[in-house]
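A short write-up of the structure that comes next.
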Amino acid sequence: MLQVVLFNVTNGLIIGAFYVLMALGLSLILNLSNVINFAHGNFLALGGYTAFVLTPYIGFWGALLVSPFITAILGLIIERLMIRHVYRRDPVYSLLLTFGLAFIIQDLCRYIFGPNGLPLGVPDAMAAPLSQSLFFITWYRVFNVTVVVLAVIALFSFLRFTRVGVRIRAGTLDLETVSVLGVNVGFLRSFNFGLGCLLAGLAGVLAGGQIGLNPNMGDDLLMPSFIAIIVGGVGSLTGTLIGGLLIGVAAAVTTVFWSSGSEAVIYIIMAVVLIIRPRGLMGEEGMLT
Amino acid sequence: MNSATTSTPVSERGGIDPRWGKLAIIWLALLTVPLWLPFLGGYTALAGRVLVLGLAAMSFNILLGFTGVMSFGHAAYFGLGAYGAGLALKYVTPSTPLALVCGTLLGGLAGGIVGAFIARRRGVYFAMATVAFGQIGFYIAYTWNDLTGGYDGLRGFVRAPIHLGFATLDITNNSTLFYYFLLAMFAGAVALQGLLLGSPFGRTLLAIRENERRARFLGIPIDWHIWLSFTISCVFTGFAGSLYALLNNFADPMAMHYSLSGEIVIMAVMGGMRSFWGPLVGAAIFVVAQDYISSMTVNWMSFVGLIFVLVVLFFPRGLLGMFQRKEAA
């Protein structure tokens, strides 16, 4: 029993880590640009497929480093061509636009790589379990969680200690004032969008090594990421982080007792949070409401 | 109030002359569908789909176009309507009116509950919460295999003939008759919507859309009106969903998925969300295009996605929105 619980909790942490990467990217874009990026899960898939293409040439490690940046570049191109035109309009348009993009990217992935799942080869040493008694935890899982932790630390330091990062945070609070102070808001939004896609791409490579690649691999992560943001509170990245981990672990622990209840518990958490604290755990009253 | 009615050239509910022509064209087209559709290569079930999804989009537009609130989870209430109707036909009694009532109530009830959670939220947060809540329906339909048939959908029911006392409408087998049945239901629902939006209540919703803060200062309870608007919209969407179940003799979990929510939104926007009939026009274009594209290519998703992108980038006001601009000019 202990092993089952342990297995599920580690599993939950790993899934929670994917939720966190995905939700942080979504949250960045949402907070600054008021855009719900429905295609975020598809950027995740793009990251995974890029790694699949690159692995034969530069190996898994090289692909892990390069693919997130390629995903970010693809994201920047799409932002520049399309999404930038709807920032000033009613949010319904950015929703519809990213929704359509999600359809297109998913279909392109299916067209190019086929509808069936593809494996993303992980180095053999990574696929080995930690030990005999902890046979269910591979080194790759430990590695996943480590990378996500590092990425989150890097992101938060970036937002705190660099000029662009501080501007992004300031823009989240009051974009108009930031603009009046002479900051190039267009650049800030593009950069921020690319940053979000970078995180999605990273999550895509990691998830690809864990569960394999398929054209709609991001779809299952999209809804939990939304809920992570709602639970954590719109406008707060720390909240998103906590929300993602919370629902990941809660879902995994529930699986121990009720095998099909993992999704139910996510929705229940969301409903409870909205009842007792409508702005979310870390959300500030008045933010984006 | 005044500013809401004069500053927008949107719903010229006050003026009478241009609207009669539009109404006549729409109803003439809808009434004669079984006569001309086969010549264009269509079939009556397709026309039924247009009516049902058009009704869903018009119901949704009470919220988006006439209250200015963005919901992205309306498929849930549509799907609940379908399941409500299907379950009533399958497990209770084969009666079409009962099925319609059950589906409508189920959709409306769920809408009322969800609305209570989110009516105080605005903008993208509101949209995101509606998506997340909407997926609960999909999740339940997907998981509760014994009751809903899970992934395969709910089968094993057929729409029942309607007994009027003096006559029996055999809508089960006669597809043309069923189309007119749908049209009658559609007409009833749309007439109600029109009355509602033309009433002082509808005007209040417009005022909220135009300037929420000013409306609040006028003493209008904003959250209560948004909740009402959301719930009413869900009741109508549930009704459309139960018609959908009758149309297909089948309720499908994908009818609750957020991709259908997105399609309902694009229908409303494509036709013109500031116009009463816009969503119906959008539904007609979208349903026919989707039907045509998916019969032509396996990569239909790209083309449907492309419709979204093109509409957003190049036709954001929608088809009727562009006409309105000309009339106003």
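All residue names refer to the structure tokens as shown: chains lettered A, B, ... in order, residues numbered from 1 in each chain, ligands numbered from 1 in order.
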Distance filter 10 Å, only C-alpha atoms, chain A against chain B, as a PyMOL selection string | chain A and resi 30-31+34-36+82-83+85-86+89-108+110-111+222-227+229-230+233-235+260-261+263-264+266-268+270-272+274-275+278-279+286-289
Find the spatial neighbours of Ser236 (chain A), counting only C-alpha atoms, within a cut-off of 9 Å - ignore same-chain residues fewer than 3 positions away - and output them as a ChimeraX atom specification.
-> /A:27,31,229,232-233,239-241,282-284
Same residues, C-alpha atoms, saved as a compact mmCIF listing (two decimals), in the first residue's frame:
# COMPACT_ATOMS: atom_id res chain seq x y z
CA SER A 27 -0.62 32.65 -17.12
CA ASN A 31 -1.71 38.38 -17.33
CA ILE A 229 -4.73 29.32 -12.99
CA GLY A 232 -4.20 29.93 -7.97
CA GLY A 233 -5.85 33.21 -8.83
CA GLY A 239 -0.69 31.24 -7.41
CA THR A 240 -0.49 29.37 -10.70
CA LEU A 241 2.53 27.46 -9.41
CA MET A 282 -3.25 34.11 -4.40
CA GLY A 283 -5.36 36.36 -6.59
CA GLU A 284 -5.79 40.00 -5.72
Report the residues of region 121-238 of chain B whose backbone DSSP state falls under alpha helix (DSSP H), written as a PyMOL selection string.
-> chain B and resi 123-143+145-148+175-198+200-210+212-217+222-238
Tell me, as a ChimeraX atom specification, which residues lie within 8 Å of Thr104 (chain B), counting only C-alpha atoms; anything in the same chain fewer than 5 positions away does not count.
-> /B:81,84,235-242
Output N, CA and C atoms for every residue in that selection, as a PDB file, in the first residue's frame.
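Once written, again_15.pdb looks like this:
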ATOM      1  N   GLY B  81     -28.596  19.295 -22.597  1.00  0.00           N
ATOM      2  CA  GLY B  81     -29.927  19.247 -23.191  1.00  0.00           C
ATOM      3  C   GLY B  81     -30.112  17.966 -23.985  1.00  0.00           C
ATOM      4  N   GLY B  84     -30.243  15.052 -21.569  1.00  0.00           N
ATOM      5  CA  GLY B  84     -31.502  15.088 -20.827  1.00  0.00           C
ATOM      6  C   GLY B  84     -32.636  14.516 -21.661  1.00  0.00           C
ATOM      7  N   VAL B 235     -30.833  27.984 -20.716  1.00  0.00           N
ATOM      8  CA  VAL B 235     -32.124  27.308 -20.901  1.00  0.00           C
ATOM      9  C   VAL B 235     -32.381  27.113 -22.398  1.00  0.00           C
ATOM     10  N   PHE B 236     -32.207  28.182 -23.164  1.00  0.00           N
ATOM     11  CA  PHE B 236     -32.443  28.086 -24.607  1.00  0.00           C
ATOM     12  C   PHE B 236     -31.439  27.135 -25.262  1.00  0.00           C
ATOM     13  N   THR B 237     -30.177  27.199 -24.796  1.00  0.00           N
ATOM     14  CA  THR B 237     -29.173  26.310 -25.373  1.00  0.00           C
ATOM     15  C   THR B 237     -29.515  24.852 -25.061  1.00  0.00           C
ATOM     16  N   GLY B 238     -30.001  24.621 -23.845  1.00  0.00           N
ATOM     17  CA  GLY B 238     -30.423  23.268 -23.485  1.00  0.00           C
ATOM     18  C   GLY B 238     -31.567  22.798 -24.370  1.00  0.00           C
ATOM     19  N   PHE B 239     -32.487  23.717 -24.669  1.00  0.00           N
ATOM     20  CA  PHE B 239     -33.595  23.387 -25.561  1.00  0.00           C
ATOM     21  C   PHE B 239     -33.061  23.007 -26.943  1.00  0.00           C
ATOM     22  N   ALA B 240     -32.109  23.803 -27.430  1.00  0.00           N
ATOM     23  CA  ALA B 240     -31.499  23.479 -28.728  1.00  0.00           C
ATOM     24  C   ALA B 240     -30.837  22.108 -28.663  1.00  0.00           C
ATOM     25  N   GLY B 241     -30.160  21.824 -27.536  1.00  0.00           N
ATOM     26  CA  GLY B 241     -29.500  20.536 -27.377  1.00  0.00           C
ATOM     27  C   GLY B 241     -30.488  19.387 -27.398  1.00  0.00           C
ATOM     28  N   SER B 242     -31.654  19.564 -26.772  1.00  0.00           N
ATOM     29  CA  SER B 242     -32.605  18.454 -26.781  1.00  0.00           C
ATOM     30  C   SER B 242     -33.166  18.235 -28.181  1.00  0.00           C
TER      31      SER B 242
END
Give me the residues within 12 Å of Ile220 (chain B) as an MDAnalysis selection string, counting only C-alpha atoms and dropping any in the same chain fewer than 6 places off.
-> chainID B and resid 1 200:201 203:208 211:214 226
Dump as an mmCIF file, in the first residue's frame, selection limited to C-alpha atoms:
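To be explicit, this is the file written out as part_39.cif:
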data_model
loop_
_atom_site.group_PDB
_atom_site.id
_atom_site.type_symbol
_atom_site.label_atom_id
_atom_site.label_comp_id
_atom_site.auth_asym_id
_atom_site.auth_seq_id
_atom_site.Cartn_x
_atom_site.Cartn_y
_atom_site.Cartn_z
ATOM 1 C CA MET B 1 -30.390 53.728 -20.995
ATOM 2 C CA PRO B 200 -37.031 46.412 -20.498
ATOM 3 C CA PHE B 201 -34.994 43.462 -19.255
ATOM 4 C CA ARG B 203 -32.638 46.863 -22.694
ATOM 5 C CA THR B 204 -31.024 46.583 -19.293
ATOM 6 C CA LEU B 205 -28.708 43.902 -20.625
ATOM 7 C CA LEU B 206 -27.746 46.210 -23.485
ATOM 8 C CA ALA B 207 -27.016 48.956 -20.989
ATOM 9 C CA ILE B 208 -24.702 46.592 -19.102
ATOM 10 C CA ASN B 211 -21.239 50.647 -20.011
ATOM 11 C CA GLU B 212 -21.294 48.437 -16.980
ATOM 12 C CA ARG B 213 -20.159 51.099 -14.553
ATOM 13 C CA ARG B 214 -22.792 53.572 -15.652
ATOM 14 C CA ILE B 226 -25.611 38.664 -15.717
#
Work out how far CA of Ala200 (chain A) is from CA of Ala23 (chain A), in Å to one decimal.
->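 Interatomic distance here is 8.8 Å.
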For Pro279 (chain B), please output as a PDB file with C-alpha atoms, in the first residue's frame all residues within 6 Å (counting only C-alpha atoms; exclusion window: fewer than 2 positions along the same chain).
ATOM      1  CA  ALA B  57     -25.746  30.185 -31.395  1.00  0.00           C
ATOM      2  CA  MET B  58     -28.619  32.667 -31.064  1.00  0.00           C
ATOM      3  CA  MET B 267     -21.072  30.962 -35.639  1.00  0.00           C
ATOM      4  CA  ALA B 268     -22.255  33.942 -33.635  1.00  0.00           C
ATOM      5  CA  GLY B 271     -22.826  35.921 -38.707  1.00  0.00           C
ATOM      6  CA  TRP B 277     -30.268  36.939 -36.751  1.00  0.00           C
ATOM      7  CA  VAL B 281     -26.611  33.074 -40.700  1.00  0.00           C
ATOM      8  CA  GLY B 282     -23.239  32.171 -39.202  1.00  0.00           C
ATOM      9  CA  ALA B 283     -24.510  28.726 -38.256  1.00  0.00           C
TER      10      ALA B 283
END
What's the 6 Å shell around region 246-253 of chain A, counting only C-alpha atoms, without same-chain residues fewer than 6 positions away, as a list of chain:residue names?
-> A:Asn8, A:Val9, A:Gly12, A:Leu13, A:Ile15, A:Gly16, A:Ser262, A:Ile266
Length of the CA of Arg88 (chain A) to CA of Leu173 (chain A) vector [Å] =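 Computing the Euclidean distance for CA of Arg88 (chain A) and CA of Leu173 (chain A) yields 16.9 Å.
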Please indicate the distance in Å from CA of Val4 (chain A) to CA of Met126 (chain A), rounded to one decimal place.
-> 22.0 Å
